[in-house]
Amino acid sequence: YSTSVEFDNEGTLFIAEAGYSYGDSSVVPRILKMNERDQLEEVTRDLEGPVTDLLWHGGKMYVSHRGKISVIENGMVRDLVVGLPSDGDHHNNQMSVGPDGMIYFGQGTATNSGVVGPDNYRMGWLQDNPQFHDLPAQDITLRGQTFTSDNPLTEDLQDQATTGAFQPFGSTDEQTVPGVLKASGTILRMNGDGSGLEVYAWGLRNPYGVLWTPEGKLYATENGFDDRGSRPIANDKEDLYLIRQGAWYGWPDFGSGQPI
């Protein structure tokens, strides 16, 4: 399915096909363009699905695809940022150029609500990457609350696992979790060449749409909590946030500004 369209300086239309669907990693991601004969032709498929956005900036086509921000040059993909924490439920998302000329993009979380659980097995990634979990942008101290669920990683239907927030499935050992640059649930920004990567704001579950307005304000759409997993959250909303530098937007302790 198509996730983004973009035009270059000559008005050529480019289309991104995500290529990835939950539970099926075999679908091929592609970028297409409309040629002079009004026919679609393939530009590249050397990508990591899902492809979530295209951005034409400074004479280059930028691509946000799983774990990476890249540029396409002469049909070749050159990676600018790699290692983004996108092996879970959500991925690095849409991009927007700020008044400072930097590129801003959203980075989703690994889990629904901060705790790895059997829902992530059904999403297709826990069995392949059982050590993966959410990472905060700043040092946090955990309250020690844990969550017990069925353990889909064993054949014993009676087996259960107890998991703490911001830890691998079945782990409860951590009391403090150090902040990292490539963190979950953030708005990140970088220079056009990929340098200067930094966290601009954090505490967002899945900031998918990201846009700077002509008035110099940054907005992000937020995909709210789902009623699933070891820590299900019901009745959350989909939000539109005004993003301020350095702010924390509440995930995973608040939904739409309300304490959980």
# chains A, B, ... in the order shown; residues from 1 in each chain; ligands from 1
>>> residues_around(residues="Gly250 in chain A", least_positions_apart="3", cutoff="6 Å", atoms="only C-alpha atoms", output="PyMOL selection string")
chain A and resi 203+253-254
>>> write_last_selection(atoms="all heavy atoms", output="PDB file, in the first residue's frame")
ATOM      1  N   GLY A 203       8.185  11.295  24.904  1.00  0.00           N
ATOM      2  CA  GLY A 203       6.976  10.949  25.631  1.00  0.00           C
ATOM      3  C   GLY A 203       5.748  10.845  24.743  1.00  0.00           C
ATOM      4  O   GLY A 203       4.627  11.034  25.196  1.00  0.00           O
ATOM      5  N   ASP A 253       2.771   7.081  30.887  1.00  0.00           N
ATOM      6  CA  ASP A 253       2.012   7.298  32.132  1.00  0.00           C
ATOM      7  C   ASP A 253       0.767   8.144  31.953  1.00  0.00           C
ATOM      8  O   ASP A 253      -0.068   8.200  32.852  1.00  0.00           O
ATOM      9  CB  ASP A 253       2.925   7.969  33.174  1.00  0.00           C
ATOM     10  CG  ASP A 253       4.044   7.065  33.623  1.00  0.00           C
ATOM     11  OD1 ASP A 253       3.844   5.833  33.638  1.00  0.00           O
ATOM     12  OD2 ASP A 253       5.137   7.563  33.969  1.00  0.00           O
ATOM     13  N   PHE A 254       0.643   8.800  30.803  1.00  0.00           N
ATOM     14  CA  PHE A 254      -0.513   9.640  30.531  1.00  0.00           C
ATOM     15  C   PHE A 254      -1.031   9.358  29.121  1.00  0.00           C
ATOM     16  O   PHE A 254      -0.252   9.090  28.209  1.00  0.00           O
ATOM     17  CB  PHE A 254      -0.159  11.140  30.624  1.00  0.00           C
ATOM     18  CG  PHE A 254       0.209  11.586  32.003  1.00  0.00           C
ATOM     19  CD1 PHE A 254       1.476  11.368  32.528  1.00  0.00           C
ATOM     20  CD2 PHE A 254      -0.742  12.252  32.788  1.00  0.00           C
ATOM     21  CE1 PHE A 254       1.809  11.785  33.806  1.00  0.00           C
ATOM     22  CE2 PHE A 254      -0.404  12.685  34.072  1.00  0.00           C
ATOM     23  CZ  PHE A 254       0.864  12.447  34.573  1.00  0.00           C
TER      24      PHE A 254
END
>>> residues_around(residues="Tyr249 in chain A", least_positions_apart="2", cutoff="7 Å", atoms="only C-alpha atoms", output="list of chain:residue names")
A:Trp202, A:Gly203, A:Leu204, A:Ala247, A:Trp251
>>> closest_atom_pairs(of="range 48-131 of chain A", to="range 222-227 of chain A", cutoff="10 Å", atoms="only C-alpha atoms", output="tab-separated table")
residue	atom	partner	partner_atom	distance
A:His90	CA	A:Asn223	CA	9.9
A:Gly106	CA	A:Glu222	CA	9.7
A:Gly108	CA	A:Asn223	CA	9.2
A:Thr111	CA	A:Phe225	CA	9.6
A:Asn112	CA	A:Phe225	CA	6.1
A:Ser113	CA	A:Phe225	CA	6.7
>>> select_by_dssp(residues="range 35-127 of chain A", states="helix (DSSP H, G or I)", output="ChimeraX atom specification")
/A:118-122
>>> select_by_dssp(residues="range 173-233 of chain A", states="strand (DSSP E or B)", output="list in words")
Thr176, Val177, Thr186, Ile187, Leu188, Arg189, Met190, Glu198, Val199, Tyr200, Ala201, Trp202, Pro207, Tyr208, Gly209, Val210, Leu211, Trp212, Leu218, Tyr219, Ala220, Thr221 and Glu222 of chain A
>>> write_last_selection(atoms="N, CA and C atoms", output="short mmCIF file (atom, residue, chain, number, x, y, z; two decimals), in the first residue's frame")
data_model
loop_
_atom_site.label_atom_id
_atom_site.label_comp_id
_atom_site.auth_asym_id
_atom_site.auth_seq_id
_atom_site.Cartn_x
_atom_site.Cartn_y
_atom_site.Cartn_z
N THR A 176 16.43 1.53 37.44
CA THR A 176 16.64 2.76 36.69
C THR A 176 17.03 2.40 35.26
N VAL A 177 16.57 3.20 34.32
CA VAL A 177 16.86 2.95 32.91
C VAL A 177 17.51 4.21 32.34
N THR A 186 9.70 9.60 20.26
CA THR A 186 10.37 10.89 20.25
C THR A 186 10.09 11.66 18.96
N ILE A 187 10.38 12.96 19.01
CA ILE A 187 10.61 13.76 17.82
C ILE A 187 12.10 14.00 17.76
N LEU A 188 12.73 13.53 16.70
CA LEU A 188 14.17 13.70 16.50
C LEU A 188 14.41 14.73 15.40
N ARG A 189 15.60 15.32 15.41
CA ARG A 189 15.96 16.20 14.31
C ARG A 189 17.41 15.97 13.95
N MET A 190 17.73 16.31 12.69
CA MET A 190 19.08 16.10 12.18
C MET A 190 19.38 17.15 11.11
N GLU A 198 19.57 14.66 17.30
CA GLU A 198 19.25 14.92 18.70
C GLU A 198 17.77 14.78 18.95
N VAL A 199 17.42 14.56 20.23
CA VAL A 199 16.03 14.48 20.64
C VAL A 199 15.49 15.90 20.80
N TYR A 200 14.37 16.17 20.14
CA TYR A 200 13.72 17.48 20.25
C TYR A 200 12.61 17.47 21.29
N ALA A 201 11.85 16.37 21.37
CA ALA A 201 10.79 16.19 22.36
C ALA A 201 10.58 14.69 22.51
N TRP A 202 9.92 14.28 23.61
CA TRP A 202 9.72 12.84 23.82
C TRP A 202 8.45 12.59 24.62
N PRO A 207 4.25 9.26 17.20
CA PRO A 207 4.07 10.53 16.47
C PRO A 207 4.27 10.30 14.97
N TYR A 208 3.17 10.07 14.27
CA TYR A 208 3.27 9.68 12.86
C TYR A 208 3.38 10.89 11.94
N GLY A 209 2.37 11.74 11.93
CA GLY A 209 2.42 12.92 11.09
C GLY A 209 3.19 14.05 11.78
N VAL A 210 4.18 14.61 11.11
CA VAL A 210 5.01 15.68 11.67
C VAL A 210 5.08 16.81 10.65
N LEU A 211 4.77 18.04 11.09
CA LEU A 211 4.72 19.14 10.12
C LEU A 211 5.03 20.48 10.78
N TRP A 212 5.95 21.22 10.16
CA TRP A 212 6.18 22.62 10.52
C TRP A 212 5.24 23.49 9.68
N LEU A 218 5.52 23.61 15.21
CA LEU A 218 5.67 22.20 14.89
C LEU A 218 4.51 21.42 15.49
N TYR A 219 3.83 20.63 14.65
CA TYR A 219 2.71 19.80 15.10
C TYR A 219 3.03 18.33 14.82
N ALA A 220 2.45 17.47 15.64
CA ALA A 220 2.57 16.03 15.42
C ALA A 220 1.26 15.34 15.76
N THR A 221 0.86 14.40 14.91
CA THR A 221 -0.29 13.56 15.24
C THR A 221 0.19 12.41 16.11
N GLU A 222 -0.65 12.00 17.04
CA GLU A 222 -0.30 10.96 18.00
C GLU A 222 -1.29 9.81 17.89
#
>>> closest_residue(among="A:Gln258, A:Ser86, A:Thr146, A:Thr109", to="Asp134 in chain A", atoms="only C-alpha atoms")
A:Thr109
>>> closest_residue(among="A:Ser26, A:Thr141, A:Tyr1, A:Glu42", to="Leu13 in chain A", atoms="only C-alpha atoms")
A:Glu42
>>> closest_residue(among="A:Tyr62, A:Thr163, A:Gly216, A:Asp139", to="Pro178 in chain A", atoms="only C-alpha atoms")
A:Asp139
>>> closest_residue(among="A:Phe132, A:Phe166, A:Tyr104, A:Tyr121", to="Pro152 in chain A", atoms="only C-alpha atoms")
A:Tyr121
>>> residues_around(residues="Ala137 in chain A", least_positions_apart="5", cutoff="7 Å", atoms="only C-alpha atoms", output="number ranges by chain")
A: 179-181, 183, 202
>>> write_last_selection(atoms="C-alpha atoms", output="mmCIF file, in the first residue's frame")
data_model
loop_
_atom_site.group_PDB
_atom_site.id
_atom_site.type_symbol
_atom_site.label_atom_id
_atom_site.label_comp_id
_atom_site.auth_asym_id
_atom_site.auth_seq_id
_atom_site.Cartn_x
_atom_site.Cartn_y
_atom_site.Cartn_z
ATOM 1 C CA GLY A 179 18.282 7.678 28.566
ATOM 2 C CA VAL A 180 19.601 7.242 25.043
ATOM 3 C CA LEU A 181 19.739 9.336 21.886
ATOM 4 C CA ALA A 183 14.968 6.562 22.010
ATOM 5 C CA TRP A 202 9.722 12.844 23.817
#
>>> residues_around(residues="Leu54 in chain A", least_positions_apart="2", cutoff="7 Å", atoms="only C-alpha atoms", output="ChimeraX atom specification")
/A:4-6,16,56,61-64
>>> closest_residue(among="A:Phe14, A:Phe169, A:Phe7, A:Tyr241", to="Asn206 in chain A", atoms="only C-alpha atoms")
A:Tyr241
>>> residues_around(residues="Ile72 in chain A", least_positions_apart="2", cutoff="9 Å", atoms="only C-alpha atoms", output="JSON, numbers by chain")
{"A": [43, 44, 60, 61, 62, 63, 70, 74, 75, 76, 77, 78, 79]}
